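Text of my_file-v9.txt (compact mmCIF, C-alpha atoms and all ligand atoms) as supplied:
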# COMPACT_ATOMS: atom_id res chain seq x y z
CA MET J 784 -5.10 38.19 -12.93
CA ARG J 785 -6.53 35.10 -14.58
CA GLU J 786 -6.52 32.01 -12.41
CA THR J 787 -4.72 29.13 -14.07
CA ARG J 788 -6.98 26.24 -14.90
CA LYS J 789 -6.69 23.31 -12.53
CA PRO J 790 -5.74 19.98 -14.15
CA ARG J 791 -8.56 17.56 -14.87
CA VAL J 792 -8.26 14.56 -12.57
CA GLY J 793 -9.58 11.13 -13.50
CA VAL J 794 -10.11 9.23 -10.27
CA LEU J 795 -9.70 5.56 -11.13
CA TYR J 796 -11.51 3.34 -8.67
CA GLY J 797 -13.51 0.15 -8.29
CA GLY J 798 -11.77 -2.27 -10.59
CA ILE J 799 -11.67 -6.04 -10.54
CA SER J 800 -9.74 -6.99 -7.42
CA ALA J 801 -10.85 -8.59 -4.18
CA GLU J 802 -10.50 -5.09 -2.70
CA ARG J 803 -13.04 -3.49 -5.03
CA GLU J 804 -15.34 -2.29 -2.25
CA VAL J 805 -12.49 -0.61 -0.38
CA SER J 806 -11.36 1.06 -3.57
CA LEU J 807 -14.84 2.46 -4.21
CA ARG J 808 -14.69 4.12 -0.80
CA SER J 809 -11.17 5.48 -1.29
CA GLY J 810 -12.03 6.80 -4.77
CA GLU J 811 -15.19 8.51 -3.62
CA ALA J 812 -13.36 10.23 -0.76
CA VAL J 813 -10.52 11.39 -3.03
CA ALA J 814 -12.93 12.63 -5.72
CA ASN J 815 -14.94 14.62 -3.19
CA ALA J 816 -11.80 16.10 -1.66
CA LEU J 817 -10.31 17.19 -4.98
CA ALA J 818 -13.65 18.58 -6.16
CA SER J 819 -13.82 20.63 -2.96
CA LEU J 820 -10.52 22.25 -3.98
CA GLY J 821 -11.89 23.14 -7.40
CA TYR J 822 -10.29 20.39 -9.48
CA PRO J 823 -12.47 19.17 -12.34
CA VAL J 824 -12.91 15.52 -11.35
CA GLU J 825 -14.21 12.53 -13.25
CA ARG J 826 -14.91 9.29 -11.38
CA ILE J 827 -13.93 6.31 -13.50
CA ASP J 828 -14.81 2.77 -12.45
CA VAL J 829 -12.15 0.70 -14.15
CA LEU J 830 -14.52 -2.26 -14.25
CA GLU J 831 -16.79 -0.34 -16.63
CA ALA J 832 -14.46 2.00 -18.52
CA PRO J 833 -12.77 0.45 -21.57
CA ILE J 834 -9.01 0.81 -21.18
CA SER J 835 -8.79 2.60 -24.53
CA THR J 836 -10.77 5.53 -23.04
CA LEU J 837 -8.11 6.36 -20.41
CA THR J 838 -6.53 9.04 -22.55
CA GLN J 839 -4.83 12.45 -22.28
CA GLU J 840 -7.92 13.91 -23.96
CA ARG J 841 -10.01 12.75 -21.04
CA MET J 842 -7.73 13.70 -18.11
CA ASP J 843 -4.52 15.57 -17.33
CA VAL J 844 -3.66 13.22 -14.50
CA ALA J 845 -5.00 9.94 -13.15
CA PHE J 846 -5.48 9.51 -9.41
CA ILE J 847 -5.23 5.76 -8.93
CA ALA J 848 -7.50 4.84 -6.02
CA LEU J 849 -7.45 1.16 -6.88
CA HIS J 850 -6.16 -1.54 -4.58
CA GLY J 851 -4.83 -5.01 -5.40
CA THR J 852 -4.84 -6.69 -8.80
CA PHE J 853 -4.67 -4.38 -11.84
CA GLY J 854 -4.56 -1.36 -9.57
CA GLU J 855 -1.66 -1.67 -7.26
CA ASP J 856 0.36 -4.25 -9.18
CA GLY J 857 1.73 -2.23 -12.10
CA GLY J 858 -1.03 -3.25 -14.55
CA ILE J 859 -2.94 0.02 -14.75
CA GLN J 860 0.33 1.94 -14.38
CA SER J 861 1.60 0.29 -17.61
CA VAL J 862 -1.57 1.26 -19.46
CA LEU J 863 -1.26 4.89 -18.31
CA GLU J 864 2.41 4.98 -19.34
CA VAL J 865 1.43 3.87 -22.84
CA MET J 866 -1.37 6.45 -22.93
CA GLY J 867 1.01 9.17 -21.74
CA VAL J 868 -1.23 10.02 -18.78
CA PRO J 869 0.64 11.02 -15.60
CA TYR J 870 -0.58 9.03 -12.60
CA THR J 871 -0.30 9.13 -8.83
CA GLY J 872 1.95 6.95 -6.73
CA SER J 873 4.64 4.50 -7.70
CA GLY J 874 5.67 3.48 -11.20
CA VAL J 875 5.23 0.13 -12.93
CA THR J 876 8.23 -1.71 -11.51
CA ALA J 877 7.92 -0.55 -7.92
CA SER J 878 4.20 -1.34 -7.96
CA ARG J 879 4.84 -4.84 -9.26
CA LEU J 880 7.59 -5.49 -6.70
CA ALA J 881 5.55 -4.19 -3.79
CA MET J 882 2.51 -6.27 -4.70
CA ASP J 883 4.59 -9.43 -4.73
CA LYS J 884 5.50 -10.31 -1.15
CA VAL J 885 8.32 -12.65 -2.25
CA ALA J 886 9.96 -10.08 -4.53
CA THR J 887 9.49 -7.50 -1.78
CA LYS J 888 11.33 -9.63 0.73
CA HIS J 889 14.26 -10.12 -1.64
CA CYS J 890 14.51 -6.33 -2.03
CA PHE J 891 14.30 -5.87 1.75
CA ARG J 892 17.08 -8.36 2.35
CA ARG J 893 19.35 -6.66 -0.16
CA ALA J 894 18.67 -3.31 1.51
CA GLY J 895 19.19 -4.64 5.04
CA VAL J 896 15.52 -4.14 6.01
CA PRO J 897 14.58 -6.76 8.61
CA THR J 898 11.75 -9.04 7.51
CA ALA J 899 10.38 -12.31 8.91
CA ALA J 900 11.84 -15.66 7.81
CA PHE J 901 9.62 -17.19 5.12
CA VAL J 902 9.16 -19.88 2.50
CA GLU J 903 7.38 -19.70 -0.83
CA LEU J 904 4.71 -22.29 -1.71
CA GLU J 905 3.37 -23.15 -5.14
CA ALA J 906 -0.20 -24.29 -5.78
CA ALA J 907 0.95 -27.17 -7.99
CA TRP J 908 2.99 -28.80 -5.22
CA PRO J 909 1.57 -31.89 -3.49
CA GLN J 910 0.42 -31.34 0.07
CA GLU J 911 3.40 -33.17 1.64
CA ARG J 912 5.85 -30.90 -0.16
CA LYS J 913 4.07 -27.79 1.15
CA VAL J 914 4.06 -29.12 4.72
CA ALA J 915 7.73 -30.12 4.47
CA ALA J 916 8.69 -26.67 3.13
CA ILE J 917 7.03 -24.94 6.09
CA ALA J 918 8.47 -27.28 8.77
CA PRO J 919 11.81 -25.44 9.26
CA LEU J 920 9.93 -22.28 10.27
CA GLY J 921 8.30 -24.01 13.26
CA LEU J 922 4.87 -22.85 14.49
CA PRO J 923 3.05 -20.53 14.61
CA VAL J 924 3.34 -19.27 11.05
CA VAL J 925 1.29 -16.81 9.03
CA VAL J 926 0.19 -18.08 5.63
CA LYS J 927 -0.83 -15.57 2.97
CA PRO J 928 -1.23 -15.21 -0.80
CA ALA J 929 1.98 -13.94 -2.42
CA ALA J 930 0.13 -11.04 -4.04
CA GLN J 931 -2.97 -9.69 -2.31
CA GLY J 932 -3.84 -6.97 0.14
CA SER J 933 -6.28 -6.07 2.94
CA SER J 934 -5.46 -9.37 4.71
CA VAL J 935 -7.38 -11.33 2.05
CA GLY J 936 -6.53 -15.03 2.43
CA VAL J 937 -4.25 -14.46 5.46
CA SER J 938 -4.34 -16.95 8.37
CA ILE J 939 -2.33 -17.90 11.38
CA VAL J 940 -1.43 -21.56 11.84
CA GLU J 941 -0.78 -22.70 15.39
CA ALA J 942 -1.10 -26.47 14.95
CA GLU J 943 0.02 -28.62 12.04
CA ALA J 944 -3.54 -29.83 11.42
CA GLN J 945 -4.49 -26.25 10.41
CA LEU J 946 -1.82 -26.01 7.72
CA PRO J 947 -3.66 -27.58 4.74
CA GLY J 948 -6.71 -25.34 5.26
CA ALA J 949 -4.61 -22.19 5.61
CA VAL J 950 -2.54 -22.97 2.53
CA ALA J 951 -5.67 -23.75 0.50
CA ARG J 952 -7.25 -20.44 1.61
CA ALA J 953 -4.21 -18.45 0.56
CA LEU J 954 -4.00 -20.27 -2.76
CA GLU J 955 -7.62 -19.41 -3.58
CA PHE J 956 -6.32 -15.94 -4.38
CA ASP J 957 -3.00 -16.64 -6.04
CA GLU J 958 -0.91 -19.41 -7.56
CA ARG J 959 1.77 -18.78 -4.96
CA ALA J 960 1.57 -18.34 -1.22
CA ILE J 961 4.09 -17.57 1.47
CA ALA J 962 4.41 -18.93 4.98
CA GLU J 963 6.13 -16.59 7.36
CA GLU J 964 7.38 -16.81 10.91
CA PHE J 965 4.72 -15.26 13.19
CA ILE J 966 5.98 -12.01 14.70
CA GLY J 967 3.87 -11.67 17.81
CA GLY J 968 4.46 -8.18 19.21
CA ARG J 969 2.84 -4.80 18.57
CA GLU J 970 1.64 -3.77 15.11
CA LEU J 971 2.71 -0.44 13.63
CA THR J 972 2.32 1.27 10.30
CA VAL J 973 4.18 4.24 8.85
CA GLY J 974 3.08 6.45 5.97
CA VAL J 975 5.71 7.84 3.63
CA LEU J 976 4.99 11.10 1.83
CA GLY J 977 7.59 12.52 -0.53
CA ASP J 978 10.89 11.94 1.16
CA ARG J 979 9.73 11.83 4.75
CA ALA J 980 8.20 9.30 7.08
CA LEU J 981 4.97 10.43 8.74
CA PRO J 982 4.23 9.75 12.42
CA ILE J 983 3.95 6.11 13.43
CA ILE J 984 0.48 4.68 14.03
CA GLU J 985 -0.03 1.69 16.31
CA LEU J 986 -2.98 -0.59 15.60
CA LEU J 987 -4.84 -1.92 18.59
CA TYR J 988 -7.32 -4.70 17.95
CA LYS J 989 -8.59 -7.95 19.47
CA GLY J 990 -6.97 -11.17 18.24
CA ARG J 991 -3.59 -12.07 16.82
CA LEU J 992 -3.88 -10.70 13.26
CA PHE J 993 -5.13 -7.48 11.70
CA THR J 994 -7.78 -9.24 9.62
CA TRP J 995 -10.00 -8.00 6.76
CA LYS J 996 -12.96 -7.93 9.13
CA ILE J 997 -11.16 -5.80 11.71
CA LYS J 998 -9.78 -3.49 9.03
CA TYR J 999 -13.21 -2.66 7.67
CA THR J 1000 -15.48 -2.87 10.72
CA LYS J 1001 -16.10 0.49 12.33
CA ASN J 1002 -14.33 0.83 15.70
CA ALA J 1003 -12.85 -2.71 15.55
CA ALA J 1004 -9.34 -1.25 15.58
CA ARG J 1005 -8.00 1.80 17.30
CA HIS J 1006 -5.32 3.97 15.70
CA VAL J 1007 -2.83 5.40 18.18
CA VAL J 1008 -0.77 8.13 16.56
CA ASN J 1009 2.75 8.53 17.98
CA PRO J 1010 2.47 5.59 20.42
CA GLU J 1011 4.84 5.29 23.38
CA LEU J 1012 7.82 3.23 22.24
CA PRO J 1013 11.16 2.36 23.87
CA ALA J 1014 13.88 5.00 23.40
CA GLY J 1015 15.15 5.27 19.84
CA LEU J 1016 12.64 2.81 18.40
CA ALA J 1017 10.38 5.40 16.74
CA GLU J 1018 13.33 6.87 14.82
CA ARG J 1019 14.48 3.39 13.82
CA VAL J 1020 11.00 2.38 12.60
CA GLN J 1021 10.61 5.60 10.60
CA ASP J 1022 14.05 5.15 9.08
CA LEU J 1023 13.19 1.54 8.15
CA ALA J 1024 9.95 2.73 6.55
CA LEU J 1025 11.91 5.04 4.27
CA ARG J 1026 14.45 2.35 3.53
CA ALA J 1027 11.71 -0.18 2.71
CA HIS J 1028 9.94 2.37 0.43
CA ARG J 1029 13.19 3.16 -1.35
CA SER J 1030 14.33 -0.47 -1.60
CA LEU J 1031 11.39 -1.07 -3.97
CA GLY J 1032 11.87 2.20 -5.84
CA CYS J 1033 8.54 3.61 -4.63
CA ARG J 1034 7.49 7.14 -5.49
CA ALA J 1035 5.34 9.86 -3.86
CA CYS J 1036 3.64 7.95 -1.09
CA SER J 1037 3.20 4.55 0.47
CA ARG J 1038 2.42 2.95 3.81
CA VAL J 1039 4.80 0.48 5.38
CA ASP J 1040 3.43 -2.23 7.72
CA PHE J 1041 5.46 -3.48 10.68
CA ARG J 1042 5.28 -5.88 13.55
CA LEU J 1043 7.54 -5.90 16.56
CA ASP J 1044 8.67 -9.14 18.14
CA ALA J 1045 8.51 -9.83 21.87
CA ASP J 1046 11.81 -7.93 22.34
CA ASN J 1047 10.56 -4.94 20.34
CA ASN J 1048 12.71 -5.70 17.29
CA PRO J 1049 10.92 -4.30 14.23
CA PHE J 1050 10.15 -6.41 11.15
CA VAL J 1051 8.69 -4.96 7.97
CA LEU J 1052 5.74 -6.96 6.63
CA GLU J 1053 5.11 -5.11 3.38
CA VAL J 1054 4.85 -1.79 1.56
CA ASN J 1055 1.40 -0.68 0.37
CA THR J 1056 1.90 1.48 -2.72
CA ILE J 1057 -1.76 2.56 -2.76
CA PRO J 1058 -2.80 2.82 0.85
CA GLY J 1059 -6.44 3.24 1.85
CA MET J 1060 -7.56 6.81 1.15
CA THR J 1061 -10.80 7.31 3.02
CA GLU J 1062 -10.73 10.22 5.44
CA THR J 1063 -10.25 7.84 8.36
CA SER J 1064 -7.65 5.60 6.70
CA LEU J 1065 -4.18 5.26 8.18
CA LEU J 1066 -2.10 7.38 5.79
CA PRO J 1067 -4.59 10.29 5.95
CA ASP J 1068 -4.63 9.98 9.75
CA ALA J 1069 -0.83 10.20 9.90
CA ALA J 1070 -0.81 13.17 7.50
CA ALA J 1071 -3.45 14.93 9.59
CA ALA J 1072 -1.19 14.54 12.62
CA VAL J 1073 1.43 16.75 10.93
CA GLY J 1074 -1.13 19.33 9.83
CA ILE J 1075 -1.96 18.03 6.36
CA PRO J 1076 -5.75 17.75 6.04
CA PHE J 1077 -7.20 15.08 3.75
CA ALA J 1078 -7.93 17.35 0.77
CA GLU J 1079 -4.44 18.83 0.98
CA LEU J 1080 -2.95 15.33 1.04
CA CYS J 1081 -4.86 14.49 -2.14
CA ARG J 1082 -3.67 17.72 -3.76
CA VAL J 1083 -0.02 17.04 -2.89
CA ILE J 1084 -0.27 13.53 -4.34
CA VAL J 1085 -1.75 14.93 -7.58
CA GLU J 1086 0.98 17.57 -7.84
CA MET J 1087 3.66 14.90 -7.32
CA ALA J 1088 2.12 12.88 -10.15
CA LEU J 1089 2.16 15.88 -12.50
CA ARG J 1090 5.83 16.55 -11.73
CA ALA J 1091 6.74 12.88 -12.17
CA GLY J 1092 4.72 12.75 -15.41
CA ARG J 1093 6.59 15.75 -16.78
CA ARG J 1094 9.85 14.06 -15.94
CA GLY J 1095 8.69 10.75 -17.47
CA ALA J 1096 9.85 9.31 -20.78
CA ALA J 1097 6.72 10.46 -22.58
CA ARG J 1098 7.61 14.12 -22.13
CA PRO J 1099 11.36 14.55 -21.82
CA ARG J 1100 12.50 17.81 -20.23
CA LYS J 1101 15.97 19.22 -20.04
CA ARG J 1102 15.83 20.14 -16.38
CA ALA J 1103 14.41 18.04 -13.56
CA ALA J 1104 11.29 19.54 -12.01
CA ALA J 1105 11.63 20.91 -8.49
CA PRO J 1106 10.24 18.65 -5.77
CA VAL J 1107 6.70 19.34 -4.63
CA PRO J 1108 6.85 21.09 -1.27
CA VAL J 1109 4.99 19.14 1.38
CA PRO J 1110 3.46 21.52 3.89
CA VAL J 1111 4.29 20.18 7.31
CA ARG J 1112 3.63 21.65 10.70
CA ALA J 1113 6.53 20.88 12.99
N1 LIG V 1201 4.69 -12.59 9.82
C1 LIG V 1201 3.65 -12.07 10.46
N2 LIG V 1201 3.62 -12.09 11.82
C2 LIG V 1201 2.55 -11.57 12.49
N3 LIG V 1201 1.48 -11.05 11.89
C3 LIG V 1201 1.47 -11.02 10.54
C4 LIG V 1201 2.54 -11.52 9.75
N4 LIG V 1201 2.23 -11.36 8.47
C5 LIG V 1201 1.02 -10.78 8.43
N5 LIG V 1201 0.55 -10.57 9.68
C6 LIG V 1201 -0.76 -9.99 10.05
O1 LIG V 1201 -1.62 -10.06 8.93
C7 LIG V 1201 -1.96 -8.74 8.46
C8 LIG V 1201 -1.93 -8.68 6.94
O2 LIG V 1201 -0.65 -9.03 6.47
P1 LIG V 1201 0.19 -8.16 5.44
O3 LIG V 1201 1.48 -8.85 5.23
O4 LIG V 1201 0.25 -6.75 5.88
O5 LIG V 1201 -0.67 -8.34 4.11
P2 LIG V 1201 -1.85 -7.52 3.44
O6 LIG V 1201 -2.16 -6.33 4.30
O7 LIG V 1201 -1.27 -7.14 2.11
O8 LIG V 1201 -2.97 -8.48 3.30
C9 LIG V 1201 -0.94 -7.82 9.12
O9 LIG V 1201 -1.47 -6.55 9.27
C10 LIG V 1201 -0.64 -8.53 10.44
O10 LIG V 1201 -1.62 -8.29 11.43
MG MG V 1202 -0.80 -5.01 5.22

Turn this file's structure into structure tokens for me.
Ligand SMILES: Nc1ncnc2c1ncn2[C@@H]1O[C@H](COP(=O)(O)OP(=O)(O)O)[C@@H](O)[C@H]1O
Ligand SMILES: [Mg+2]
Amino acid sequence: MRETRKPRVGVLYGGISAEREVSLRSGEAVANALASLGYPVERIDVLEAPISTLTQERMDVAFIALHGTFGEDGGIQSVLEVMGVPYTGSGVTASRLAMDKVATKHCFRRAGVPTAAFVELEAAWPQERKVAAIAPLGLPVVVKPAAQGSSVGVSIVEAEAQLPGAVARALEFDERAIAEEFIGGRELTVGVLGDRALPIIELLYKGRLFTWKIKYTKNAARHVVNPELPAGLAERVQDLALRAHRSLGCRACSRVDFRLDADNNPFVLEVNTIPGMTETSLLPDAAAAVGIPFAELCRVIVEMALRAGRRGAARPRKRAAAPVPVPVRA
């Protein structure tokens, strides 16, 4: 019997965002994993490849291993829609919503997903207006760009004198920033794959925030899979992860970040539509805990993209494709 040809995968990585370096690592890991399964893989650095070359002639499916601007924000997704190339992860609208922390919070509120109290700040406002807007939240607050990732531009403000610096740092990366009530308890993250929440991972690190430096320094943070939590909390957090994912209309996979307050009430910080995809990243770690090795995770994500692409507007089909089975060890 002739083996059916595996689809050609274009792994899109690199790109122009502040998270370029992380993306290069994710893309390399994904490309190696898919190649090990026999997929014909082409690595495409979006910084170098002209957009007009991202065509169906070049690839059957695009694996988007980009993070941040023009990767995670709906930009590249729009291009691929126009080109008729199926792509991994969420669609244009969900990507745009998830990248924008203000829009995200509005969706969470509508869906009853608990999220920290916040205010939005605009770069053009005079300093006094920014300080006055934040005042009702009290201190400490966390100040962050409205649309970034990897903790870029995120700071904690514990005294009013630190506010101008924190706001300026956040606004280096975006025209809008948000200030959010500081939620000071444990930090958790939950991967979503298909229609199920993966095991919870707790992040243990020194300091009050999960900063860029901690995220990308070897051994600076410890991942605890299935941490001990008060009765019923794990189920609630996993349910909230699914609700948060769905409230934005996300597809295929995501990773939902949480913090607990001092009384262990969970608050959702954000949904990452393109989570880190190195072999030791959080989503792959959670998948491994239910018996899905890294290469298999990459394969499932590709298959989901192909099914979604076949269902997409570019190629209408009479019948909806069957869902991709996610192999899970109980
Ligand atoms: N309201 C908050 N309370 C406590 N910690 C926060 C809050 N917002 C962000 N953080 C910390 O900052 C990190 C990055 O924030 P997050 O909202 O996840 O943005 P991103 O990961 O997109 O940069 C979180 O992992 C968490 O440690
Ligand atoms: Mg985060």

Which residues of chain J come within 10 Å of ligand MG 1202 (chain V), and for each one, what is the closest pair of atoms and their distance in Å to one decimal, counting only C-alpha atoms and all ligand atoms, sorted by chain and residue number, as a tab-separated table?
residue	atom	partner	partner_atom	distance
J:Gln931	CA	V:MG1202	MG	9.1
J:Gly932	CA	V:MG1202	MG	6.2
J:Ser933	CA	V:MG1202	MG	6.0
J:Ser934	CA	V:MG1202	MG	6.4
J:Val935	CA	V:MG1202	MG	9.7
J:Thr972	CA	V:MG1202	MG	8.7
J:Phe993	CA	V:MG1202	MG	8.2
J:Thr994	CA	V:MG1202	MG	9.3
J:Trp995	CA	V:MG1202	MG	9.8
J:Lys998	CA	V:MG1202	MG	9.9
J:Arg1038	CA	V:MG1202	MG	8.7
J:Val1039	CA	V:MG1202	MG	7.8
J:Asp1040	CA	V:MG1202	MG	5.6
J:Phe1041	CA	V:MG1202	MG	8.4
J:Val1051	CA	V:MG1202	MG	9.9
J:Leu1052	CA	V:MG1202	MG	7.0
J:Glu1053	CA	V:MG1202	MG	6.2
J:Val1054	CA	V:MG1202	MG	7.5
J:Asn1055	CA	V:MG1202	MG	6.9
J:Pro1058	CA	V:MG1202	MG	9.2

Go ahead and compute the interatomic distance for CA of Asp1046 in chain J and atom P1 of ligand LIG 1201 (chain V), in Å to one decimal.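 Between CA of Asp1046 in chain J and atom P1 of ligand LIG 1201 (chain V) the gap works out to 20.5 Å.
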
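If you count only C-alpha atoms and ignore residues fewer than 5 places along the chain from Thr1061 in chain J, what sits within 8 Å of it is J:Arg808, J:Ser809, J:Gly810, J:Ala812, J:Val813, J:Pro1067.
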
Would you save the residues from that selection as a tab-separated table (two decimals), in the frame of the given file, using C-alpha atoms?
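This is the output file part_37.tsv:
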chain	number	residue	atom	x	y	z
J	808	ARG	CA	-14.69	4.12	-0.80
J	809	SER	CA	-11.17	5.48	-1.29
J	810	GLY	CA	-12.03	6.80	-4.77
J	812	ALA	CA	-13.36	10.23	-0.76
J	813	VAL	CA	-10.52	11.39	-3.03
J	1067	PRO	CA	-4.59	10.29	5.95

Contact residues around range 825-831 of chain J with all atoms listed in the file at 8 Å, ignoring same-chain residues under 2 positions, as a list of chain:residue names: J:Arg791, J:Val792, J:Gly793, J:Val794, J:Leu795, J:Tyr796, J:Gly797, J:Gly798, J:Ile799, J:Gly810, J:Glu811, J:Ala814, J:Pro823, J:Pro833, J:Ile834

Dump C-alpha atoms for the selected residues as a JSON list (two decimals), keeping the file's coordinate frame?
[["chain", "number", "residue", "atom", "x", "y", "z"],
["J", 791, "ARG", "CA", -8.56, 17.56, -14.87],
["J", 792, "VAL", "CA", -8.26, 14.56, -12.57],
["J", 793, "GLY", "CA", -9.58, 11.13, -13.50],
["J", 794, "VAL", "CA", -10.11, 9.23, -10.27],
["J", 795, "LEU", "CA", -9.70, 5.56, -11.13],
["J", 796, "TYR", "CA", -11.51, 3.34, -8.67],
["J", 797, "GLY", "CA", -13.51, 0.15, -8.29],
["J", 798, "GLY", "CA", -11.77, -2.27, -10.59],
["J", 799, "ILE", "CA", -11.67, -6.04, -10.54],
["J", 810, "GLY", "CA", -12.03, 6.80, -4.77],
["J", 811, "GLU", "CA", -15.19, 8.51, -3.62],
["J", 814, "ALA", "CA", -12.93, 12.63, -5.72],
["J", 823, "PRO", "CA", -12.47, 19.17, -12.34],
["J", 833, "PRO", "CA", -12.77, 0.45, -21.57],
["J", 834, "ILE", "CA", -9.01, 0.81, -21.18]]

Smallest atom-to-atom distance to Gly1074 in chain J: which of J:Pro982, J:Leu1012, J:Met1087, J:Ala845, using all atoms listed in the file? J:Pro982

Draw an axis-aligned box over all listed atoms of ligand LIG 1201 (chain V), pad each side with 5 Å, and write its centre and edge lengths in Å, one decimal, as lines of an AutoDock Vina configuration file.
center_x = 0.9
center_y = -9.5
center_z = 7.3
size_x = 17.7
size_y = 16.3
size_z = 20.4

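Take the candidates J:Thr1056, J:Ser873, J:Ser819, J:Gln860 and check each one against ligand LIG 1201 (chain V) using all atoms listed in the file; the shortest distance goes to J:Thr1056.
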
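Using only C-alpha atoms, the nearest neighbour of Glu985 in chain J within the list J:Ala962, J:Ala1105, J:Leu1043, J:Ala818 is J:Leu1043.
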
Name the residues in contact with Glu1079 in chain J at a cut-off of 10 Å, using all atoms listed in the file, excluding same-chain residues fewer than 2 positions from it; report them as JSON, numbers by chain. {"J": [816, 817, 820, 1067, 1070, 1071, 1074, 1075, 1076, 1077, 1081, 1082, 1083, 1084, 1085, 1109, 1110]}

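Using all atoms listed in the file, the shortest contact distance between ligand LIG 1201 (chain V) and any of J:Asn1009, J:Gln945, J:Thr898, J:Thr787 is found at J:Thr898.
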
Give the answer as one residue: which of J:Thr887, J:Asn1047, J:Ser1030, J:Gln1021 has the shortest atom-to-atom distance to Ala980 in chain J, using only C-alpha atoms?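 Closest residue, counting only C-alpha atoms: J:Gln1021.
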
Distance criterion (all atoms listed in the file): nearest to Ser806 in chain J out of J:Ile1057, J:Glu963, J:Ala944, J:Arg1034: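 The closest residue to Ser806 in chain J is J:Ile1057.
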
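CA of Pro928 in chain J sits 12.7 Å away from atom C1 of ligand LIG 1201 (chain V).
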
Two-atom distance - CA of Ala877 in chain J, CA of Gly1015 in chain J (Å): 29.3 Å

Need the shell around Pro1049 in chain J: protein/DNA/RNA residues with any atom at most 10 Å away, counting all atoms listed in the file. Skip same-chain ones fewer than 3 positions apart. Format as a list in words?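 Residues near the query, excluding close chain neighbours: Val896, Pro897, Thr898, Ala899, Ile966, Gly968, Arg969, Glu970, Leu971, Leu1016, Arg1019, Val1020, Leu1023, Phe1041, Arg1042, Leu1043, Asp1044, Ala1045, Asp1046 and Leu1052 of chain J.
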
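Near Gly936 in chain J, within a cut-off of 7 Å and counting all atoms listed in the file, sit the residues Lys927, Pro928, Arg952, Ala953 and Phe956 of chain J, with same-chain residues fewer than 3 positions away left out.
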
Block slice range 982-992 of chain J, N, CA, C and O atoms, emitted as a PDB file, in the first residue's frame:
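Heads up, here's the output in decode_1.pdb:
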ATOM      1  N   PRO J 982      -3.351  19.470  32.385  1.00  0.00           N
ATOM      2  CA  PRO J 982      -3.073  19.634  33.818  1.00  0.00           C
ATOM      3  C   PRO J 982      -2.531  21.038  34.129  1.00  0.00           C
ATOM      4  O   PRO J 982      -1.834  21.647  33.315  1.00  0.00           O
ATOM      5  N   ILE J 983      -2.859  21.498  35.319  1.00  0.00           N
ATOM      6  CA  ILE J 983      -2.399  22.805  35.782  1.00  0.00           C
ATOM      7  C   ILE J 983      -0.893  22.755  36.045  1.00  0.00           C
ATOM      8  O   ILE J 983      -0.379  21.753  36.535  1.00  0.00           O
ATOM      9  N   ILE J 984      -0.209  23.840  35.724  1.00  0.00           N
ATOM     10  CA  ILE J 984       1.200  23.973  36.125  1.00  0.00           C
ATOM     11  C   ILE J 984       1.326  25.195  37.031  1.00  0.00           C
ATOM     12  O   ILE J 984       0.818  26.273  36.705  1.00  0.00           O
ATOM     13  N   GLU J 985       1.977  24.997  38.185  1.00  0.00           N
ATOM     14  CA  GLU J 985       2.279  26.137  39.046  1.00  0.00           C
ATOM     15  C   GLU J 985       3.695  26.608  38.740  1.00  0.00           C
ATOM     16  O   GLU J 985       4.596  25.792  38.508  1.00  0.00           O
ATOM     17  N   LEU J 986       3.882  27.924  38.759  1.00  0.00           N
ATOM     18  CA  LEU J 986       5.200  28.501  38.509  1.00  0.00           C
ATOM     19  C   LEU J 986       5.777  28.977  39.816  1.00  0.00           C
ATOM     20  O   LEU J 986       5.155  29.785  40.515  1.00  0.00           O
ATOM     21  N   LEU J 987       6.940  28.447  40.143  1.00  0.00           N
ATOM     22  CA  LEU J 987       7.619  28.869  41.366  1.00  0.00           C
ATOM     23  C   LEU J 987       8.868  29.633  40.973  1.00  0.00           C
ATOM     24  O   LEU J 987       9.697  29.134  40.207  1.00  0.00           O
ATOM     25  N   TYR J 988       8.966  30.856  41.478  1.00  0.00           N
ATOM     26  CA  TYR J 988      10.123  31.695  41.128  1.00  0.00           C
ATOM     27  C   TYR J 988      10.340  32.692  42.254  1.00  0.00           C
ATOM     28  O   TYR J 988       9.454  32.902  43.092  1.00  0.00           O
ATOM     29  N   LYS J 989      11.520  33.319  42.256  1.00  0.00           N
ATOM     30  CA  LYS J 989      11.829  34.331  43.274  1.00  0.00           C
ATOM     31  C   LYS J 989      11.285  35.678  42.816  1.00  0.00           C
ATOM     32  O   LYS J 989      11.405  36.015  41.638  1.00  0.00           O
ATOM     33  N   GLY J 990      10.709  36.454  43.728  1.00  0.00           N
ATOM     34  CA  GLY J 990      10.224  37.779  43.357  1.00  0.00           C
ATOM     35  C   GLY J 990       8.712  37.796  43.245  1.00  0.00           C
ATOM     36  O   GLY J 990       8.060  36.774  43.485  1.00  0.00           O
ATOM     37  N   ARG J 991       8.164  38.945  42.874  1.00  0.00           N
ATOM     38  CA  ARG J 991       6.716  39.092  42.903  1.00  0.00           C
ATOM     39  C   ARG J 991       6.055  38.926  41.546  1.00  0.00           C
ATOM     40  O   ARG J 991       4.845  38.783  41.447  1.00  0.00           O
ATOM     41  N   LEU J 992       6.849  38.982  40.462  1.00  0.00           N
ATOM     42  CA  LEU J 992       6.298  38.845  39.107  1.00  0.00           C
ATOM     43  C   LEU J 992       7.089  37.805  38.335  1.00  0.00           C
ATOM     44  O   LEU J 992       8.290  37.635  38.548  1.00  0.00           O
TER      45      LEU J 992
END
